[in-house]
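structure27.csv follows (CSV, C-alpha atoms):
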```csv
chain,number,residue,atom,x,y,z
A,1,MET,CA,-29.1,-40.4,-74.0
A,2,GLY,CA,-28.3,-43.4,-72.0
A,3,PRO,CA,-29.5,-47.0,-72.6
A,4,GLY,CA,-33.1,-47.4,-73.4
A,5,THR,CA,-35.6,-49.4,-75.4
A,6,LEU,CA,-35.2,-48.7,-79.1
A,7,ASN,CA,-38.0,-48.7,-81.7
A,8,ASP,CA,-37.7,-50.2,-85.2
A,9,SER,CA,-35.6,-47.3,-86.4
A,10,GLY,CA,-33.2,-47.6,-83.5
A,11,THR,CA,-34.4,-44.3,-81.9
A,12,PRO,CA,-34.9,-44.3,-78.1
A,13,GLU,CA,-38.5,-44.0,-76.9
A,14,PHE,CA,-40.4,-42.4,-74.0
A,15,LEU,CA,-43.4,-44.0,-72.5
A,16,LEU,CA,-46.1,-41.4,-71.6
A,17,LEU,CA,-48.3,-42.6,-68.7
A,18,GLY,CA,-50.9,-40.0,-69.5
A,19,LEU,CA,-54.0,-38.8,-67.6
A,20,TRP,CA,-55.4,-41.3,-65.2
A,21,ALA,CA,-59.1,-41.8,-64.7
A,22,PRO,CA,-61.3,-44.8,-63.7
A,23,PRO,CA,-62.3,-46.8,-66.7
A,24,SER,CA,-65.9,-45.8,-66.4
A,25,LEU,CA,-64.9,-42.1,-66.5
A,26,ARG,CA,-62.4,-42.3,-69.4
A,27,PRO,CA,-64.9,-41.6,-72.1
A,28,LEU,CA,-66.2,-38.6,-70.3
A,29,LEU,CA,-62.6,-37.3,-69.7
A,30,TRP,CA,-61.8,-37.8,-73.4
A,31,ALA,CA,-65.0,-36.0,-74.5
A,32,SER,CA,-64.3,-33.1,-72.1
A,33,LEU,CA,-60.8,-32.6,-73.4
A,34,LEU,CA,-62.0,-32.8,-77.0
A,35,LEU,CA,-64.7,-30.2,-76.4
A,36,ALA,CA,-62.1,-28.0,-74.6
A,37,TYR,CA,-59.8,-28.3,-77.6
A,38,LEU,CA,-62.6,-27.5,-80.1
A,39,ALA,CA,-63.7,-24.5,-77.9
A,40,THR,CA,-60.1,-23.2,-77.8
A,41,VAL,CA,-59.7,-23.4,-81.6
A,42,LEU,CA,-63.1,-22.0,-82.3
A,43,GLY,CA,-63.0,-19.2,-79.7
A,44,ASN,CA,-59.5,-18.0,-80.6
A,45,GLY,CA,-60.1,-18.5,-84.3
A,46,THR,CA,-63.2,-16.4,-84.1
A,47,LEU,CA,-61.4,-13.7,-82.3
A,48,VAL,CA,-58.6,-13.6,-84.8
A,49,GLY,CA,-61.1,-13.6,-87.7
A,50,LEU,CA,-63.1,-10.7,-86.2
A,51,ILE,CA,-60.0,-8.6,-85.7
A,52,ALA,CA,-58.8,-9.3,-89.2
A,53,LEU,CA,-62.1,-8.5,-90.9
A,54,ASP,CA,-63.2,-5.5,-88.9
A,55,ARG,CA,-61.2,-2.3,-89.6
A,56,ARG,CA,-62.3,-0.8,-86.3
A,57,LEU,CA,-60.3,-3.5,-84.5
A,58,HIS,CA,-57.1,-2.7,-86.5
A,59,ARG,CA,-55.5,-1.1,-83.5
A,60,PRO,CA,-52.4,-2.1,-81.5
A,61,MET,CA,-54.3,-3.7,-78.6
A,62,TYR,CA,-56.2,-6.0,-80.9
A,63,ARG,CA,-53.1,-6.7,-83.1
A,64,LEU,CA,-51.3,-7.9,-80.0
A,65,LEU,CA,-54.4,-9.8,-78.9
A,66,THR,CA,-54.3,-11.7,-82.3
A,67,HIS,CA,-50.8,-13.0,-81.4
A,68,LEU,CA,-52.0,-14.1,-78.0
A,69,ALA,CA,-54.9,-16.0,-79.5
A,70,LEU,CA,-52.5,-17.6,-82.0
A,71,LEU,CA,-50.1,-18.6,-79.2
A,72,ASP,CA,-52.9,-20.2,-77.2
A,73,THR,CA,-54.1,-22.1,-80.2
A,74,ALA,CA,-50.6,-23.3,-81.1
A,75,TYR,CA,-49.8,-24.3,-77.5
A,76,VAL,CA,-53.0,-26.5,-77.2
A,77,SER,CA,-52.5,-27.9,-80.7
A,78,THR,CA,-49.0,-29.2,-80.0
A,79,THR,CA,-50.2,-31.3,-77.0
A,80,LEU,CA,-53.9,-32.0,-76.7
A,81,PRO,CA,-54.5,-33.8,-80.0
A,82,GLN,CA,-51.7,-36.1,-79.1
A,83,ALA,CA,-53.0,-36.7,-75.6
A,84,LEU,CA,-56.5,-37.5,-77.0
A,85,ALA,CA,-55.0,-40.0,-79.4
A,86,HIS,CA,-52.9,-41.6,-76.7
A,87,MET,CA,-55.9,-42.0,-74.5
A,88,THR,CA,-57.3,-44.5,-77.0
A,89,MET,CA,-54.1,-46.6,-77.0
A,90,HIS,CA,-52.9,-49.2,-74.5
A,91,ARG,CA,-49.4,-47.7,-74.4
A,92,ALA,CA,-48.5,-44.2,-75.5
A,93,ARG,CA,-45.0,-44.1,-76.9
A,94,LEU,CA,-43.1,-41.1,-78.1
A,95,SER,CA,-39.7,-41.0,-79.8
A,96,LEU,CA,-36.8,-38.9,-78.4
A,97,VAL,CA,-37.1,-36.6,-81.4
A,98,ARG,CA,-40.8,-36.0,-81.0
A,99,CYS,CA,-40.6,-35.7,-77.3
A,100,GLY,CA,-37.8,-33.2,-77.6
A,101,ALA,CA,-39.7,-31.2,-80.3
A,102,GLN,CA,-42.8,-31.1,-78.1
A,103,LEU,CA,-40.8,-30.0,-75.0
A,104,TYR,CA,-39.0,-27.2,-76.9
A,105,VAL,CA,-42.1,-25.9,-78.7
A,106,GLY,CA,-44.0,-26.0,-75.4
A,107,ILE,CA,-41.6,-24.0,-73.3
A,108,SER,CA,-41.0,-21.6,-76.3
A,109,LEU,CA,-44.7,-20.8,-76.7
A,110,GLY,CA,-45.0,-20.3,-72.9
A,111,SER,CA,-42.0,-18.0,-73.0
A,112,CYS,CA,-43.5,-16.1,-76.0
A,113,GLU,CA,-46.7,-15.5,-74.0
A,114,ALA,CA,-44.9,-14.1,-71.0
A,115,ILE,CA,-43.1,-11.6,-73.1
A,116,LEU,CA,-46.2,-10.8,-75.2
A,117,LEU,CA,-48.2,-10.1,-72.0
A,118,ALA,CA,-45.5,-7.5,-71.1
A,119,ALA,CA,-45.8,-5.9,-74.5
A,120,MET,CA,-49.6,-5.7,-74.0
A,121,ALA,CA,-49.0,-4.1,-70.6
A,122,LEU,CA,-46.8,-1.5,-72.3
A,123,ASP,CA,-49.6,-0.8,-74.8
A,124,ARG,CA,-52.2,-0.3,-72.0
A,125,CYS,CA,-49.8,1.9,-70.1
A,126,LEU,CA,-49.2,4.2,-73.0
A,127,ALA,CA,-53.0,4.3,-73.8
A,128,VAL,CA,-53.9,5.4,-70.3
A,129,CYS,CA,-50.9,7.5,-69.4
A,130,ARG,CA,-50.1,9.1,-72.8
A,131,PRO,CA,-53.5,9.2,-74.5
A,132,LEU,CA,-52.7,12.3,-76.6
A,133,HIS,CA,-49.5,10.8,-78.0
A,134,TYR,CA,-50.6,7.1,-78.1
A,135,SER,CA,-51.3,7.0,-81.8
A,136,THR,CA,-47.8,8.3,-82.6
A,137,LEU,CA,-46.0,6.2,-80.0
A,138,VAL,CA,-47.7,2.9,-80.7
A,139,THR,CA,-47.7,2.6,-84.5
A,140,ALA,CA,-48.5,-0.5,-86.6
A,141,PRO,CA,-44.8,-1.2,-87.4
A,142,ARG,CA,-43.8,-0.8,-83.7
A,143,CYS,CA,-46.6,-3.1,-82.7
A,144,ALA,CA,-45.4,-5.7,-85.2
A,145,ALA,CA,-41.9,-5.3,-83.9
A,146,LEU,CA,-43.1,-5.9,-80.3
A,147,ALA,CA,-45.0,-9.1,-81.4
A,148,GLY,CA,-42.0,-10.3,-83.5
A,149,ALA,CA,-39.6,-9.7,-80.6
A,150,SER,CA,-41.9,-11.8,-78.3
A,151,TRP,CA,-41.9,-14.7,-80.7
A,152,THR,CA,-38.1,-14.5,-81.4
A,153,LEU,CA,-37.0,-14.1,-77.8
A,154,GLY,CA,-39.4,-16.9,-76.7
A,155,PHE,CA,-37.9,-19.4,-79.1
A,156,VAL,CA,-34.3,-18.3,-78.6
A,157,LEU,CA,-34.3,-18.3,-74.8
A,158,SER,CA,-35.8,-21.8,-74.7
A,159,VAL,CA,-33.0,-23.4,-76.6
A,160,PRO,CA,-30.6,-23.9,-73.6
A,161,ASN,CA,-33.2,-25.7,-71.4
A,162,ALA,CA,-34.3,-28.0,-74.2
A,163,VAL,CA,-30.8,-28.9,-75.3
A,164,ALA,CA,-29.6,-29.5,-71.7
A,165,THR,CA,-32.6,-31.7,-70.9
A,166,LEU,CA,-32.3,-33.9,-73.9
A,167,ARG,CA,-28.5,-34.4,-73.3
A,168,LEU,CA,-29.3,-36.1,-70.0
A,169,PRO,CA,-28.8,-39.8,-69.6
A,170,PHE,CA,-32.1,-41.7,-69.0
A,171,CYS,CA,-32.7,-44.9,-67.2
A,172,PRO,CA,-32.3,-48.3,-69.0
A,173,GLY,CA,-35.6,-49.6,-70.5
A,174,ARG,CA,-38.2,-47.2,-71.8
A,175,PRO,CA,-38.1,-44.0,-69.7
A,176,ALA,CA,-41.6,-43.4,-68.3
A,177,VAL,CA,-42.8,-39.8,-68.3
A,178,ASP,CA,-45.6,-39.6,-65.7
A,179,HIS,CA,-47.5,-36.9,-67.7
A,180,PHE,CA,-49.7,-36.7,-70.8
A,181,PHE,CA,-47.1,-34.8,-72.8
A,182,CYS,CA,-43.3,-34.1,-72.7
A,183,GLU,CA,-43.2,-31.2,-70.2
A,184,LEU,CA,-39.8,-29.9,-69.0
A,185,PRO,CA,-40.2,-30.8,-65.3
A,186,ALA,CA,-41.7,-34.2,-66.1
A,187,VAL,CA,-38.9,-35.2,-68.4
A,188,LEU,CA,-36.3,-34.0,-65.9
A,189,ARG,CA,-37.8,-36.3,-63.3
A,190,THR,CA,-37.2,-39.3,-65.5
A,191,ALA,CA,-33.4,-38.7,-65.8
A,192,CYS,CA,-31.0,-41.1,-64.2
A,193,ALA,CA,-28.5,-38.3,-63.4
A,194,ASP,CA,-27.9,-35.4,-61.1
A,195,THR,CA,-30.2,-32.7,-62.5
A,196,THR,CA,-29.1,-29.9,-60.2
A,197,ALA,CA,-27.5,-28.0,-63.1
A,198,ASN,CA,-30.6,-28.3,-65.2
A,199,TYR,CA,-32.8,-26.9,-62.4
A,200,ARG,CA,-30.3,-24.0,-62.0
A,201,LEU,CA,-30.7,-23.3,-65.7
A,202,VAL,CA,-34.5,-23.4,-65.4
A,203,TYR,CA,-34.2,-20.9,-62.5
A,204,GLY,CA,-31.6,-18.8,-64.3
A,205,LEU,CA,-33.6,-18.5,-67.5
A,206,GLY,CA,-36.8,-18.1,-65.5
A,207,VAL,CA,-35.6,-14.6,-64.6
A,208,PRO,CA,-35.5,-13.1,-68.1
A,209,ILE,CA,-38.4,-15.2,-69.4
A,210,LEU,CA,-40.9,-14.9,-66.6
A,211,LEU,CA,-39.8,-12.5,-63.8
A,212,VAL,CA,-38.5,-9.6,-66.0
A,213,PRO,CA,-41.8,-9.5,-68.0
A,214,LEU,CA,-43.8,-9.8,-64.7
A,215,ALA,CA,-41.8,-6.9,-63.1
A,216,PHE,CA,-42.4,-4.8,-66.2
A,217,ILE,CA,-46.2,-5.6,-66.1
A,218,LEU,CA,-46.3,-4.6,-62.4
A,219,ALA,CA,-44.4,-1.4,-63.0
A,220,SER,CA,-46.7,-0.6,-65.9
A,221,TYR,CA,-49.8,-1.0,-63.8
A,222,ALA,CA,-48.2,1.1,-61.0
A,223,TRP,CA,-47.8,3.9,-63.5
A,224,ILE,CA,-51.4,3.3,-64.7
A,225,LEU,CA,-52.8,3.6,-61.2
A,226,ALA,CA,-50.8,6.7,-60.6
A,227,ALA,CA,-52.2,8.3,-63.8
A,228,VAL,CA,-55.8,7.1,-63.0
A,229,ARG,CA,-55.8,8.7,-59.6
A,230,LYS,CA,-55.2,12.1,-61.2
A,231,LEU,CA,-58.3,11.8,-63.4
A,232,PRO,CA,-61.1,14.2,-62.4
A,233,SER,CA,-64.2,12.0,-62.2
A,234,ALA,CA,-65.0,8.5,-61.0
A,235,GLY,CA,-66.5,7.7,-64.4
A,236,SER,CA,-63.3,8.5,-66.2
A,237,ARG,CA,-61.3,6.4,-63.7
A,238,ARG,CA,-63.6,3.4,-64.2
A,239,LYS,CA,-63.4,3.7,-68.0
A,240,ALA,CA,-59.6,3.9,-67.9
A,241,LEU,CA,-59.3,0.8,-65.6
A,242,SER,CA,-61.9,-1.2,-67.5
A,243,THR,CA,-59.5,-1.2,-70.5
A,244,CYS,CA,-57.0,-3.0,-68.4
A,245,SER,CA,-59.2,-5.5,-66.5
A,246,SER,CA,-59.1,-8.2,-69.2
A,247,HIS,CA,-55.3,-8.1,-69.5
A,248,LEU,CA,-54.9,-8.3,-65.7
A,249,ALA,CA,-57.2,-11.3,-65.6
A,250,VAL,CA,-55.2,-13.1,-68.3
A,251,VAL,CA,-51.9,-12.2,-66.6
A,252,GLY,CA,-53.2,-13.7,-63.3
A,253,LEU,CA,-54.3,-16.9,-65.0
A,254,PHE,CA,-50.9,-17.3,-66.8
A,255,TYR,CA,-48.6,-16.5,-63.9
A,256,GLY,CA,-50.7,-18.3,-61.3
A,257,THR,CA,-50.2,-21.6,-63.0
A,258,VAL,CA,-46.9,-21.4,-65.0
A,259,SER,CA,-44.9,-20.0,-62.1
A,260,ALA,CA,-45.8,-22.9,-59.9
A,261,MET,CA,-44.1,-25.3,-62.4
A,262,TYR,CA,-41.2,-23.3,-63.8
A,263,LEU,CA,-40.2,-21.0,-61.0
A,264,ARG,CA,-40.2,-23.8,-58.4
A,265,PRO,CA,-39.5,-26.9,-60.4
A,266,ARG,CA,-37.2,-28.5,-57.7
A,267,ALA,CA,-39.8,-28.0,-55.0
A,268,SER,CA,-42.7,-29.1,-57.2
A,269,SER,CA,-40.8,-32.4,-58.0
A,270,ALA,CA,-41.7,-33.7,-54.6
A,271,LEU,CA,-45.4,-33.3,-55.2
A,272,PRO,CA,-47.5,-36.2,-56.6
A,273,ALA,CA,-47.7,-36.6,-60.3
A,274,ARG,CA,-51.4,-35.9,-60.3
A,275,HIS,CA,-50.7,-32.4,-59.0
A,276,HIS,CA,-48.5,-31.6,-62.0
A,277,LYS,CA,-51.1,-33.0,-64.3
A,278,LEU,CA,-53.8,-31.0,-62.7
A,279,VAL,CA,-51.8,-27.7,-63.0
A,280,ALA,CA,-50.9,-28.6,-66.6
A,281,VAL,CA,-54.6,-29.2,-67.5
A,282,PHE,CA,-55.5,-25.8,-66.1
A,283,TYR,CA,-52.9,-23.8,-68.0
A,284,LEU,CA,-53.0,-26.0,-71.1
A,285,VAL,CA,-56.8,-26.6,-71.4
A,286,VAL,CA,-58.7,-24.1,-69.1
A,287,THR,CA,-56.7,-20.9,-69.7
A,288,PRO,CA,-56.8,-21.0,-73.5
A,289,VAL,CA,-60.5,-21.5,-73.4
A,290,LEU,CA,-61.0,-18.6,-71.0
A,291,ASN,CA,-58.7,-16.1,-72.7
A,292,PRO,CA,-61.0,-15.3,-75.7
A,293,LEU,CA,-64.0,-15.1,-73.4
A,294,ILE,CA,-62.2,-12.7,-71.0
A,295,TYR,CA,-61.4,-10.4,-73.9
A,296,SER,CA,-64.8,-10.5,-75.5
A,297,LEU,CA,-67.5,-10.8,-72.9
A,298,ARG,CA,-67.0,-7.2,-71.6
A,299,ASN,CA,-65.6,-5.7,-74.7
A,300,ARG,CA,-68.2,-3.6,-76.6
A,301,GLU,CA,-66.0,-3.2,-79.7
A,302,VAL,CA,-65.7,-7.0,-80.1
A,303,HIS,CA,-69.5,-7.3,-79.5
A,304,MET,CA,-70.1,-4.8,-82.3
A,305,ALA,CA,-67.6,-6.5,-84.6
A,306,ALA,CA,-69.4,-9.9,-84.0
A,307,LEU,CA,-72.8,-8.4,-84.7
A,308,TYR,CA,-71.5,-6.7,-87.8
A,309,ALA,CA,-70.0,-10.0,-89.0
A,310,LEU,CA,-73.3,-11.8,-88.4
A,311,ALA,CA,-75.2,-9.1,-90.3
A,312,ARG,CA,-72.9,-9.5,-93.2
A,313,LEU,CA,-73.3,-13.3,-93.1
A,314,ARG,CA,-77.1,-13.0,-93.1
A,315,GLY,CA,-76.9,-10.5,-96.0
A,316,ILE,CA,-74.8,-12.9,-98.0
A,317,ARG,CA,-77.3,-15.7,-97.3
A,318,THR,CA,-80.2,-13.5,-98.4
A,319,VAL,CA,-78.5,-12.7,-101.7
A,320,LEU,CA,-77.7,-16.4,-102.3
A,321,HIS,CA,-81.3,-17.4,-101.7
```
Can you dump the structure from the file as structure tokens?
Amino acid sequence: MGPGTLNDSGTPEFLLLGLWAPPSLRPLLWASLLLAYLATVLGNGTLVGLIALDRRLHRPMYRLLTHLALLDTAYVSTTLPQALAHMTMHRARLSLVRCGAQLYVGISLGSCEAILLAAMALDRCLAVCRPLHYSTLVTAPRCAALAGASWTLGFVLSVPNAVATLRLPFCPGRPAVDHFFCELPAVLRTACADTTANYRLVYGLGVPILLVPLAFILASYAWILAAVRKLPSAGSRRKALSTCSSHLAVVGLFYGTVSAMYLRPRASSALPARHHKLVAVFYLVVTPVLNPLIYSLRNREVHMAALYALARLRGIRTVLH
């Protein structure tokens, strides 16, 4: 890293400009983000708890859903608590080590989610297209292997982007990151060097991380649609498609926001900083809140598991009293 302001330990620092709001609205913005964070942790935590406690949900689809809920919770927890704390400070400073760790973990978790969504598409494809062989094709060990591969590939494939970004020279003084956390495109915009090679690396790794899983998801649903068209009744076709609707909604939310930042980072750099922050708030705050709702509102099995858990809780209270 090039010249910069050092803290007491001699480590270069970044200055995070954070989310902007008129002074009169800052308490409302802070409270809204806090509620969103609590809703994400509570919603995803409840979903993970229901899946863990109810044996009827010990199936591949729900095992993979557990990992999605854990990813969303981890992603929000690495950024939002820090952003909330920084909103109470006059100047938000972050060391190079902390900024680099946040950048790496952030892109890693996003990469994990893209690959995990492809694994979930494979699960739905086999459930609809090979129902008689589904239980033998998608076993618990294979499901665990798919989830493990998603986590491993996500963190491994994110190393080059993180290392290449943190090796850039930054401008003298304290580099100002016009964002509320150390996001890859935002940090690249603070570098005092030609970042063409970095953007090429983002594009190059965007293919295996984002586009290959997306192509696999689209191919899986093409296969699903072909199988559904062969079903004899409209009711059976609706039932088959209903098992995929929640996954499709989550895929749309994820790719609709992340692709705007990571598949076109050079083009997006010309947009105002508030645009980047708005997109980041959507995929960092809104999407993790919506994901557990999408998977639970129209899912009868999750409803039944929740009712069963409430009944058990009431029974325990009755015994204690």
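Nearest to Cys244 of chain A of all the residues A:Ser259, A:Asn198, A:Asn44, A:Asn299 is A:Asn299, based on only C-alpha atoms.
Proximity of A:Leu153, A:Leu15, A:Leu64, A:Cys125 to Ala227 of chain A, computed with all atoms listed in the file, is greatest for A:Cys125.
Counting all atoms listed in the file and comparing A:Phe254, A:Tyr283, A:Tyr308, A:Tyr37, the residue that lies closest to Ile115 of chain A is A:Phe254.
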Spatial neighbours of Asp178 of chain A, 10 Å, only C-alpha atoms, chain gap at least 2 places, as a compact mmCIF listing (two decimals) with C-alpha atoms, keeping the file's coordinate frame:
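That gives us out21.txt:
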```txt
# COMPACT_ATOMS: atom_id res chain seq x y z
CA LEU A 15 -43.40 -44.00 -72.50
CA LEU A 16 -46.10 -41.40 -71.60
CA LEU A 17 -48.30 -42.60 -68.70
CA GLY A 18 -50.90 -40.00 -69.50
CA LEU A 19 -54.00 -38.80 -67.60
CA TRP A 20 -55.40 -41.30 -65.20
CA PRO A 175 -38.10 -44.00 -69.70
CA ALA A 176 -41.60 -43.40 -68.30
CA PHE A 180 -49.70 -36.70 -70.80
CA PHE A 181 -47.10 -34.80 -72.80
CA CYS A 182 -43.30 -34.10 -72.70
CA GLU A 183 -43.20 -31.20 -70.20
CA ALA A 186 -41.70 -34.20 -66.10
CA VAL A 187 -38.90 -35.20 -68.40
CA ARG A 189 -37.80 -36.30 -63.30
CA THR A 190 -37.20 -39.30 -65.50
CA PRO A 272 -47.50 -36.20 -56.60
CA ALA A 273 -47.70 -36.60 -60.30
CA ARG A 274 -51.40 -35.90 -60.30
CA HIS A 276 -48.50 -31.60 -62.00
CA LYS A 277 -51.10 -33.00 -64.30
```
Which neighbours of Leu157 of chain A fall inside 8 Å, counting only C-alpha atoms, when residues of the same chain fewer than 5 positions from it are skipped, and could you give them as a count of residues only?
-> 4
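Atom CA of Phe170 of chain A lies 11.3 Å from atom CA of Thr195 of chain A.
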In terms of the shortest atom-to-atom distance over all atoms listed in the file, which of A:Leu214, A:Leu225, A:Leu297, A:Leu188 is closest to Gly252 of chain A?
-> A:Leu214
What lies within 12 Å of segment 81-94 of chain A using only C-alpha atoms, ignoring chain neighbours under 3 positions off, as a PyMOL selection string?
-> chain A and resi 5-7+11-21+23+26-38+41+73-78+97-103+174-182+281+284-285
The residue from A:Leu168, A:Val250, A:Ala215, A:Cys129 with the smallest atom-to-atom distance to Val289 of chain A, counting only C-alpha atoms, is A:Val250
One decimal place gives the atom CA of Tyr295 of chain A-atom CA of Leu53 of chain A separation as 17.1 Å
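Atom CA of Leu122 of chain A to atom CA of Val302 of chain A spans 21.2 Å [interatomic distance, one decimal].
Nearest residue to Thr46 of chain A, choosing from A:Thr243, A:Ser95, A:Thr287, A:Thr66 and counting only C-alpha atoms: A:Thr66.
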So which residues fall inside 12 Å of (-58.8, 1.8, -65.7) if we count all atoms listed in the file? Mind giving them as a ChimeraX atom specification?
-> /A:124-125,127-129,221-231,234-248
